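As C-alpha cells, the structure follows; a few thoughts come after it.
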Amino acid sequence: MIWDYIFGFASFPNLSALLVLSLAGWLLFNKYGRGLSHIKGPAVAGYTDLWRLWIVWQRRPEVALIALHKKYGRVVRIGPSAVSVSNPAAIKVIYGVKGRFVKSDFYPVQQTLANGRPLHSLFNTTDEKYHGKLRRGVANAYAMSTLVQFEPLVDSTIKAFLQQMDERYADKQGPEGVCDFGAWLQFFAFDVIDELTFSKRLGFVDEGRDVDGIIGDLEWLLDYVSVVGQLPIIDRFLLKNPLRLLLNRFGMLNSTSPVVAFARKRMGERQAKQPQTKPATPPPRRDFLSRFLEAHERDPDFFHHQRVLALTVANMFAGSDTTAITLRAIFYFLLRNPESMVKLVAELDGMEEDAHDQSHTQDPNPNYDPDPLVKWDNVRDLPYLTAVIKEALRCHPAAGLPLERVAPAGGITIGAVERDRDGDRDVRHWIPGGTIIGCSAWTVHLDEGVFGACPEQFRPERWIEASTEQQREMSSCLFSFGSGTRSCIGKNISLLEMYKLVPAVLGKYEIVLADKRADWKIHNAWFVKQSGFKVRLRTRRQK
Ligand code: HEM
C-alpha cells in the first residue's frame, strides 16, 4: 500500500517539483537560517557560495571586497556562512594568540600531493594541535638570530642575479635592453628559497627561465585553490577525488607536482650523503633541510620523512611568490614615485663604507670582491628603506583573499560601540559559531584611523611622520604577514631578502620604466601577482 503510494508519487513532474522545492528550501535556509541575516552584503551572497566563487574567478576579488566594505561597512556578509571584516581592531580577536579560530577548509585545498597523499604542512593544516607541535619543532630555523647564518646563501643568489642583469640588459639600447624585471624578481625569489632550503639553486636566475615548469605549476595550483577554495567540497571531486588518490598511490597515475618532485630529489641526495656517524660539530652552513633533518633526528616518529618533505614544500609554496610580489611592489612603487626613489637612493648612498661586506678582504686571495653587498646588520635599521618596505607591504599585500578562520562554537561578538561627533554608534555584530570569518590586508590597510590620510597612496613618509604610539599601532595592524599563531614564520627571511636585494640593485643601477604609460597587470589568485613590469637598467657606478 505504502509502496504504491511512493511509486505513484515518483513521477517525473513530482520529482522535479520536489527537487525545486528542496533547492528553494536550502537557499532560503542559507539566507535566513544561518544567523547572519542581520549582516549586510550583496543579496545573492547570502544564498550561495557560488557568488564568492564567481567573484574570485574574475581574478580581482580584492577590488570587489574593497568596494563592498565601502558600501556596507566594516562587516560584510560574503557567503551563506561567511563574513569579511575590515576593522583592524578585529585582527586581535580573530587571529589572537589563543588560536581559538581555526583555519577554514579553504586551506586543505592547498595541500599538494605526494604519492597520492596530501601533504599536511605548516601553512595548510587545520589541526591546531598538530600545527603547534610542528611549529615549535622548527621555529628556531626561522628565528631572527638564525638570519646571519642564512645571509651568505642569500648573497650568492643576489650576486648571480646582478651578474645576469649585467650580461643581459644593463646599458643596452633598443628592445635588447628591456628587462621583464617582474619575471626576474620571481626567478630570484624562487632561487633564494631553493638555496636557503636545500643549499642548491634550481637555476631560475642562472638560466633566466622557469626551470622544470615549477613556477607554471604553482601558478596553476594557485588558480585552482583560489577558486575551488571558495567551495572546498569541489576539491573532493577534482584533485583529491578518492579514485585519483588511489591510482596515484599504486603508481598508476603521477600527480606529484614538480615542486614536490624537486624537494624529494634534494632530500634523497642529502640522505645519501649523510655520514653514518654524527659529526662532532654541525656543518657551518646549515640550510633549512639540514635543520628539519635535525628535528627528525630528535623526534623521528613525529618529524618523519613525509613531514620533513612537507616542511620544505611549504617554504617553496609560501615563500617564493609572496616575496617576489613584495619585491615587485617595492621597485614599482619607487619608480612610480620618483621623489621616494631619490630619498631612498640618497639614504643608501650615504651609508658608510663599512656597511659593505668586506670580510674577505682580510684574506688576500682571488676571492676579493670589488663589488661587495651590504650587510643585513647595516641596513636593517635604515629609516627610509624600512618605511619603503613597510609601505609596499601595506599598499600591495601578497595574499589577496581574507585569511579565513572558523568562529568558535558559541559564537563571538565583533566590533564595539564607536564614539564620534554624532554620538555613540553601536557597530557590534553577533557572529554564530562555525561562521567563516576573515580579514583581508587589502581592506584593513585602507583604514584611515590607523594608517592616516589618503591610505590608497604610496607614501613611505607616513611611517616616519607618525608618533611612536601611532607607529606601533600601524605596525601591529600591518597584516601582510598575517597575525597570531598562524602568522608568517618566514617573515624574517623575506625581510632579509628585501633589505639586501633593494640596496644591491639600487646601488648598482639606475632603473627606469621601459614604458611609463604602461601599468602592470594584476592577477589575484590567492596571491596577488603582477605582470608586465618592464624596466631598463643603467649602470651607476662601481663601488
Ligand atoms: C613578503 C613575503 C611573504 C609574505 C607577504 C608572506 C605572507 C604570509 C601570510 C599572510 C601568512 C599567513 C597565512 C594565513 O594566515 O592564512 C604566511 C604564513 C606562512 N608563511 Fe609566509 N609570507 C612571506 C614570506 C615567506 C617566506 C620567505 C617563507 C619561508 C621561508 C614563508 C613561509 C610561511 C609559512 C611556512 C607559513 C605558515 C605559518 C604557520 O601557519 O605556522 N613565508 N605567510
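We label chains A, B, ... in the order they appear in the C-alpha cells, count residues from 1 in each chain, and number ligands from 1 in the order shown.
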
Give as a PDB file with N, CA, C and O atoms, in the first residue's frame the residues surrounding ligand 1 up to a distance of 6 Å, considering only C-alpha atoms and all ligand atoms.
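Wrote out-v7.pdb, looks like this:
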```
ATOM      1  N   LEU A 122      52.795  23.224   7.528  1.00  0.00           N
ATOM      2  CA  LEU A 122      52.554  24.311   8.486  1.00  0.00           C
ATOM      3  C   LEU A 122      51.482  25.258   7.963  1.00  0.00           C
ATOM      4  O   LEU A 122      50.627  25.719   8.702  1.00  0.00           O
ATOM      5  N   PHE A 123      51.540  25.535   6.670  1.00  0.00           N
ATOM      6  CA  PHE A 123      50.668  26.542   6.074  1.00  0.00           C
ATOM      7  C   PHE A 123      49.220  26.055   5.954  1.00  0.00           C
ATOM      8  O   PHE A 123      48.284  26.804   6.219  1.00  0.00           O
ATOM      9  N   ARG A 135      55.242  23.576  14.502  1.00  0.00           N
ATOM     10  CA  ARG A 135      55.851  24.919  14.502  1.00  0.00           C
ATOM     11  C   ARG A 135      56.915  25.041  15.586  1.00  0.00           C
ATOM     12  O   ARG A 135      58.003  25.567  15.341  1.00  0.00           O
ATOM     13  N   ALA A 314      56.416  23.600   1.946  1.00  0.00           N
ATOM     14  CA  ALA A 314      55.737  24.800   2.467  1.00  0.00           C
ATOM     15  C   ALA A 314      56.610  26.030   2.250  1.00  0.00           C
ATOM     16  O   ALA A 314      56.119  27.098   1.900  1.00  0.00           O
ATOM     17  N   ASN A 315      57.906  25.881   2.448  1.00  0.00           N
ATOM     18  CA  ASN A 315      58.817  27.011   2.214  1.00  0.00           C
ATOM     19  C   ASN A 315      58.695  27.503   0.779  1.00  0.00           C
ATOM     20  O   ASN A 315      58.607  28.692   0.510  1.00  0.00           O
ATOM     21  N   ALA A 318      55.003  28.900   0.148  1.00  0.00           N
ATOM     22  CA  ALA A 318      54.626  30.133   0.854  1.00  0.00           C
ATOM     23  C   ALA A 318      55.675  31.230   0.730  1.00  0.00           C
ATOM     24  O   ALA A 318      55.374  32.398   0.952  1.00  0.00           O
ATOM     25  N   GLY A 319      56.905  30.870   0.375  1.00  0.00           N
ATOM     26  CA  GLY A 319      57.975  31.855   0.471  1.00  0.00           C
ATOM     27  C   GLY A 319      58.490  32.410  -0.840  1.00  0.00           C
ATOM     28  O   GLY A 319      59.293  33.337  -0.840  1.00  0.00           O
ATOM     29  N   THR A 322      55.217  35.029  -2.740  1.00  0.00           N
ATOM     30  CA  THR A 322      54.918  36.139  -1.831  1.00  0.00           C
ATOM     31  C   THR A 322      56.069  37.149  -1.802  1.00  0.00           C
ATOM     32  O   THR A 322      55.841  38.356  -1.854  1.00  0.00           O
ATOM     33  N   THR A 323      57.285  36.629  -1.732  1.00  0.00           N
ATOM     34  CA  THR A 323      58.440  37.535  -1.699  1.00  0.00           C
ATOM     35  C   THR A 323      58.599  38.244  -3.046  1.00  0.00           C
ATOM     36  O   THR A 323      58.872  39.452  -3.092  1.00  0.00           O
ATOM     37  N   THR A 326      56.172  41.108  -3.290  1.00  0.00           N
ATOM     38  CA  THR A 326      56.541  42.274  -2.478  1.00  0.00           C
ATOM     39  C   THR A 326      57.736  43.011  -3.094  1.00  0.00           C
ATOM     40  O   THR A 326      57.774  44.245  -3.103  1.00  0.00           O
ATOM     41  N   ALA A 398      50.705  40.574  -0.414  1.00  0.00           N
ATOM     42  CA  ALA A 398      50.790  39.428  -1.329  1.00  0.00           C
ATOM     43  C   ALA A 398      49.528  38.565  -1.296  1.00  0.00           C
ATOM     44  O   ALA A 398      49.067  38.086  -2.334  1.00  0.00           O
ATOM     45  N   ALA A 399      48.960  38.351  -0.115  1.00  0.00           N
ATOM     46  CA  ALA A 399      47.759  37.499  -0.027  1.00  0.00           C
ATOM     47  C   ALA A 399      46.536  38.359  -0.365  1.00  0.00           C
ATOM     48  O   ALA A 399      46.347  39.426   0.211  1.00  0.00           O
ATOM     49  N   LEU A 403      41.997  36.004   5.144  1.00  0.00           N
ATOM     50  CA  LEU A 403      42.644  34.831   5.751  1.00  0.00           C
ATOM     51  C   LEU A 403      41.567  34.150   6.603  1.00  0.00           C
ATOM     52  O   LEU A 403      41.313  34.547   7.740  1.00  0.00           O
ATOM     53  N   SER A 480      50.083  42.116   6.295  1.00  0.00           N
ATOM     54  CA  SER A 480      50.600  41.406   5.109  1.00  0.00           C
ATOM     55  C   SER A 480      51.170  40.042   5.469  1.00  0.00           C
ATOM     56  O   SER A 480      51.193  39.142   4.626  1.00  0.00           O
ATOM     57  N   PHE A 481      51.671  39.885   6.687  1.00  0.00           N
ATOM     58  CA  PHE A 481      52.229  38.590   7.095  1.00  0.00           C
ATOM     59  C   PHE A 481      51.246  37.828   7.981  1.00  0.00           C
ATOM     60  O   PHE A 481      51.622  36.861   8.640  1.00  0.00           O
ATOM     61  N   GLY A 482      49.988  38.264   8.010  1.00  0.00           N
ATOM     62  CA  GLY A 482      49.017  37.622   8.889  1.00  0.00           C
ATOM     63  C   GLY A 482      49.275  38.053  10.325  1.00  0.00           C
ATOM     64  O   GLY A 482      50.000  39.023  10.590  1.00  0.00           O
ATOM     65  N   ARG A 486      49.211  31.715  13.548  1.00  0.00           N
ATOM     66  CA  ARG A 486      49.439  31.238  12.177  1.00  0.00           C
ATOM     67  C   ARG A 486      50.075  32.319  11.305  1.00  0.00           C
ATOM     68  O   ARG A 486      49.975  32.265  10.076  1.00  0.00           O
ATOM     69  N   SER A 487      50.700  33.297  11.936  1.00  0.00           N
ATOM     70  CA  SER A 487      51.324  34.346  11.124  1.00  0.00           C
ATOM     71  C   SER A 487      52.547  33.767  10.417  1.00  0.00           C
ATOM     72  O   SER A 487      53.016  32.673  10.742  1.00  0.00           O
ATOM     73  N   CYS A 488      53.055  34.545   9.483  1.00  0.00           N
ATOM     74  CA  CYS A 488      54.134  34.053   8.617  1.00  0.00           C
ATOM     75  C   CYS A 488      55.399  33.729   9.413  1.00  0.00           C
ATOM     76  O   CYS A 488      55.995  34.611  10.035  1.00  0.00           O
ATOM     77  N   ILE A 489      55.801  32.480   9.327  1.00  0.00           N
ATOM     78  CA  ILE A 489      57.011  32.069  10.048  1.00  0.00           C
ATOM     79  C   ILE A 489      58.264  32.508   9.264  1.00  0.00           C
ATOM     80  O   ILE A 489      59.353  32.613   9.821  1.00  0.00           O
ATOM     81  N   GLY A 490      58.068  32.797   7.969  1.00  0.00           N
ATOM     82  CA  GLY A 490      59.211  33.159   7.115  1.00  0.00           C
ATOM     83  C   GLY A 490      59.423  34.652   6.979  1.00  0.00           C
ATOM     84  O   GLY A 490      60.232  35.093   6.160  1.00  0.00           O
ATOM     85  N   LYS A 491      58.705  35.432   7.805  1.00  0.00           N
ATOM     86  CA  LYS A 491      58.785  36.895   7.685  1.00  0.00           C
ATOM     87  C   LYS A 491      60.234  37.409   7.732  1.00  0.00           C
ATOM     88  O   LYS A 491      60.651  38.209   6.895  1.00  0.00           O
ATOM     89  N   ILE A 493      62.962  35.916   7.058  1.00  0.00           N
ATOM     90  CA  ILE A 493      63.712  35.519   5.863  1.00  0.00           C
ATOM     91  C   ILE A 493      63.382  36.453   4.702  1.00  0.00           C
ATOM     92  O   ILE A 493      64.266  36.912   3.977  1.00  0.00           O
ATOM     93  N   SER A 494      62.089  36.740   4.546  1.00  0.00           N
ATOM     94  CA  SER A 494      61.723  37.579   3.406  1.00  0.00           C
ATOM     95  C   SER A 494      62.241  39.006   3.620  1.00  0.00           C
ATOM     96  O   SER A 494      62.661  39.658   2.668  1.00  0.00           O
TER      97      SER A 494
END
```

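Contact shell of stretch 221-223 of chain A at 10 Å (only C-alpha atoms; same-chain neighbours under 3 positions omitted): Val56, Trp57, Arg59, Val109, Gln110, Gln111, Thr112, Ile215, Gly216, Asp217, Leu218, Ser226, Val227, Val228, Gly229, Ser257, Phe317, His523, Asn524, Ala525, Trp526 and Phe527 of chain A.
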
Restricted to C-alpha atoms, what would the selected residues look like written as a PDB file, in the first residue's frame?
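Below is the file that was written, again_17.pdb:
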```pdb
ATOM      1  CA  VAL A  56      37.258  35.071  -7.197  1.00  0.00           C
ATOM      2  CA  TRP A  57      37.085  33.566 -10.682  1.00  0.00           C
ATOM      3  CA  ARG A  59      40.615  37.447 -10.571  1.00  0.00           C
ATOM      4  CA  VAL A 109      42.558  22.533  -0.745  1.00  0.00           C
ATOM      5  CA  GLN A 110      46.142  23.844  -0.910  1.00  0.00           C
ATOM      6  CA  GLN A 111      47.646  20.538   0.122  1.00  0.00           C
ATOM      7  CA  THR A 112      49.887  19.258  -2.653  1.00  0.00           C
ATOM      8  CA  ILE A 215      56.590  28.457 -11.485  1.00  0.00           C
ATOM      9  CA  GLY A 216      53.945  27.481 -14.032  1.00  0.00           C
ATOM     10  CA  ASP A 217      52.820  24.581 -11.871  1.00  0.00           C
ATOM     11  CA  LEU A 218      52.466  26.786  -8.778  1.00  0.00           C
ATOM     12  CA  SER A 226      41.700  30.283  -5.038  1.00  0.00           C
ATOM     13  CA  VAL A 227      38.501  29.333  -6.879  1.00  0.00           C
ATOM     14  CA  VAL A 228      37.887  25.810  -5.545  1.00  0.00           C
ATOM     15  CA  GLY A 229      38.724  27.031  -2.038  1.00  0.00           C
ATOM     16  CA  SER A 257      53.717  18.201  -8.515  1.00  0.00           C
ATOM     17  CA  PHE A 317      54.911  27.360  -1.737  1.00  0.00           C
ATOM     18  CA  HIS A 523      46.034  38.688 -11.338  1.00  0.00           C
ATOM     19  CA  ASN A 524      44.651  37.796  -7.920  1.00  0.00           C
ATOM     20  CA  ALA A 525      44.608  34.052  -7.494  1.00  0.00           C
ATOM     21  CA  TRP A 526      45.070  33.955  -3.685  1.00  0.00           C
ATOM     22  CA  PHE A 527      48.418  35.649  -4.219  1.00  0.00           C
TER      23      PHE A 527
END
```

Fill in: Length of the atom CA of A:Leu247 to atom CA of A:Arg117 vector [Å]
11.0 Å

Practice prompt. Show which residues sit within 10 Å of A:Thr146, as a list in words. Count only C-alpha atoms, and ignore same-chain residues fewer than 5 positions away.
Written response: Asn140, Ala141, Glu151, Arg286, Asn492 and Ile493 of chain A

Item to complete: Could you pull out the residues in stretch 179-332 of chain A that DSSP calls helix (DSSP H, G or I) from the backbone, as number ranges by chain?
Response: A: 181-198, 204-207, 211-228, 232-236, 242-249, 258-273, 288-298, 305-319, 321-332

Item to complete: Show which residues sit within 9 Å of A:Val178, as a list in words. Count only C-alpha atoms, and ignore same-chain residues fewer than 6 positions away.
Response: Tyr169, Lys172, Ala514, Lys534, Val535, Arg536 and Leu537 of chain A

Item to complete: Check stretch 100-325 of chain A with DSSP on the backbone and list each residue it calls strand (DSSP E), as a PyMOL selection string.
Response: chain A and resi 102-103+113-114+117-118+179-180

Those residues with all heavy atoms, as a PDB file, in the first residue's frame please?
```pdb
ATOM      1  N   VAL A 102      40.048  28.458  14.226  1.00  0.00           N
ATOM      2  CA  VAL A 102      40.929  27.586  13.427  1.00  0.00           C
ATOM      3  C   VAL A 102      40.817  27.949  11.947  1.00  0.00           C
ATOM      4  O   VAL A 102      39.858  28.587  11.517  1.00  0.00           O
ATOM      5  CB  VAL A 102      40.583  26.081  13.626  1.00  0.00           C
ATOM      6  CG1 VAL A 102      40.843  25.651  15.040  1.00  0.00           C
ATOM      7  CG2 VAL A 102      39.145  25.800  13.210  1.00  0.00           C
ATOM      8  N   LYS A 103      41.823  27.529  11.176  1.00  0.00           N
ATOM      9  CA  LYS A 103      41.791  27.793   9.736  1.00  0.00           C
ATOM     10  C   LYS A 103      40.609  27.064   9.097  1.00  0.00           C
ATOM     11  O   LYS A 103      40.264  25.957   9.520  1.00  0.00           O
ATOM     12  CB  LYS A 103      43.104  27.352   9.088  1.00  0.00           C
ATOM     13  CG  LYS A 103      44.228  28.354   9.279  1.00  0.00           C
ATOM     14  CD  LYS A 103      45.407  28.100   8.342  1.00  0.00           C
ATOM     15  CE  LYS A 103      46.372  29.279   8.361  1.00  0.00           C
ATOM     16  NZ  LYS A 103      47.483  29.145   7.441  1.00  0.00           N
ATOM     17  N   LEU A 113      50.042  16.980  -3.462  1.00  0.00           N
ATOM     18  CA  LEU A 113      50.034  15.522  -3.301  1.00  0.00           C
ATOM     19  C   LEU A 113      51.436  14.947  -3.456  1.00  0.00           C
ATOM     20  O   LEU A 113      52.213  15.399  -4.290  1.00  0.00           O
ATOM     21  CB  LEU A 113      49.118  14.898  -4.351  1.00  0.00           C
ATOM     22  CG  LEU A 113      47.651  15.315  -4.295  1.00  0.00           C
ATOM     23  CD1 LEU A 113      46.880  14.696  -5.451  1.00  0.00           C
ATOM     24  CD2 LEU A 113      47.011  14.893  -2.964  1.00  0.00           C
ATOM     25  N   ALA A 114      51.722  13.955  -2.634  1.00  0.00           N
ATOM     26  CA  ALA A 114      52.955  13.189  -2.796  1.00  0.00           C
ATOM     27  C   ALA A 114      52.542  11.733  -2.675  1.00  0.00           C
ATOM     28  O   ALA A 114      52.031  11.315  -1.635  1.00  0.00           O
ATOM     29  CB  ALA A 114      53.973  13.557  -1.726  1.00  0.00           C
ATOM     30  N   ARG A 117      49.064  11.067  -1.434  1.00  0.00           N
ATOM     31  CA  ARG A 117      48.705  11.516  -0.082  1.00  0.00           C
ATOM     32  C   ARG A 117      48.897  13.034   0.019  1.00  0.00           C
ATOM     33  O   ARG A 117      49.965  13.536  -0.342  1.00  0.00           O
ATOM     34  CB  ARG A 117      49.579  10.846   0.968  1.00  0.00           C
ATOM     35  CG  ARG A 117      49.247   9.382   1.140  1.00  0.00           C
ATOM     36  CD  ARG A 117      49.936   8.781   2.366  1.00  0.00           C
ATOM     37  NE  ARG A 117      49.517   7.407   2.538  1.00  0.00           N
ATOM     38  CZ  ARG A 117      49.991   6.385   1.852  1.00  0.00           C
ATOM     39  NH1 ARG A 117      50.901   6.586   0.920  1.00  0.00           N
ATOM     40  NH2 ARG A 117      49.542   5.163   2.069  1.00  0.00           N
ATOM     41  N   PRO A 118      47.876  13.728   0.541  1.00  0.00           N
ATOM     42  CA  PRO A 118      48.037  15.188   0.703  1.00  0.00           C
ATOM     43  C   PRO A 118      49.104  15.498   1.751  1.00  0.00           C
ATOM     44  O   PRO A 118      49.180  14.815   2.780  1.00  0.00           O
ATOM     45  CB  PRO A 118      46.653  15.645   1.199  1.00  0.00           C
ATOM     46  CG  PRO A 118      45.731  14.510   0.973  1.00  0.00           C
ATOM     47  CD  PRO A 118      46.549  13.255   0.958  1.00  0.00           C
ATOM     48  N   CYS A 179      64.113  44.757 -19.775  1.00  0.00           N
ATOM     49  CA  CYS A 179      64.158  43.595 -18.874  1.00  0.00           C
ATOM     50  C   CYS A 179      62.767  43.384 -18.253  1.00  0.00           C
ATOM     51  O   CYS A 179      62.200  44.329 -17.690  1.00  0.00           O
ATOM     52  CB  CYS A 179      65.178  43.883 -17.782  1.00  0.00           C
ATOM     53  SG  CYS A 179      65.085  42.787 -16.371  1.00  0.00           S
ATOM     54  N   ASP A 180      62.253  42.187 -18.350  1.00  0.00           N
ATOM     55  CA  ASP A 180      60.990  41.876 -17.657  1.00  0.00           C
ATOM     56  C   ASP A 180      61.348  41.674 -16.179  1.00  0.00           C
ATOM     57  O   ASP A 180      61.533  40.561 -15.694  1.00  0.00           O
ATOM     58  CB  ASP A 180      60.352  40.611 -18.247  1.00  0.00           C
ATOM     59  CG  ASP A 180      58.954  40.375 -17.676  1.00  0.00           C
ATOM     60  OD1 ASP A 180      58.639  40.980 -16.620  1.00  0.00           O
ATOM     61  OD2 ASP A 180      58.191  39.602 -18.268  1.00  0.00           O
TER      62      ASP A 180
END
```

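Nearest-residue note for A:Asp105: choosing from A:Arg394, A:Arg201, A:Lys500, A:Arg236, the minimum distance belongs to A:Arg236, counting only C-alpha atoms.
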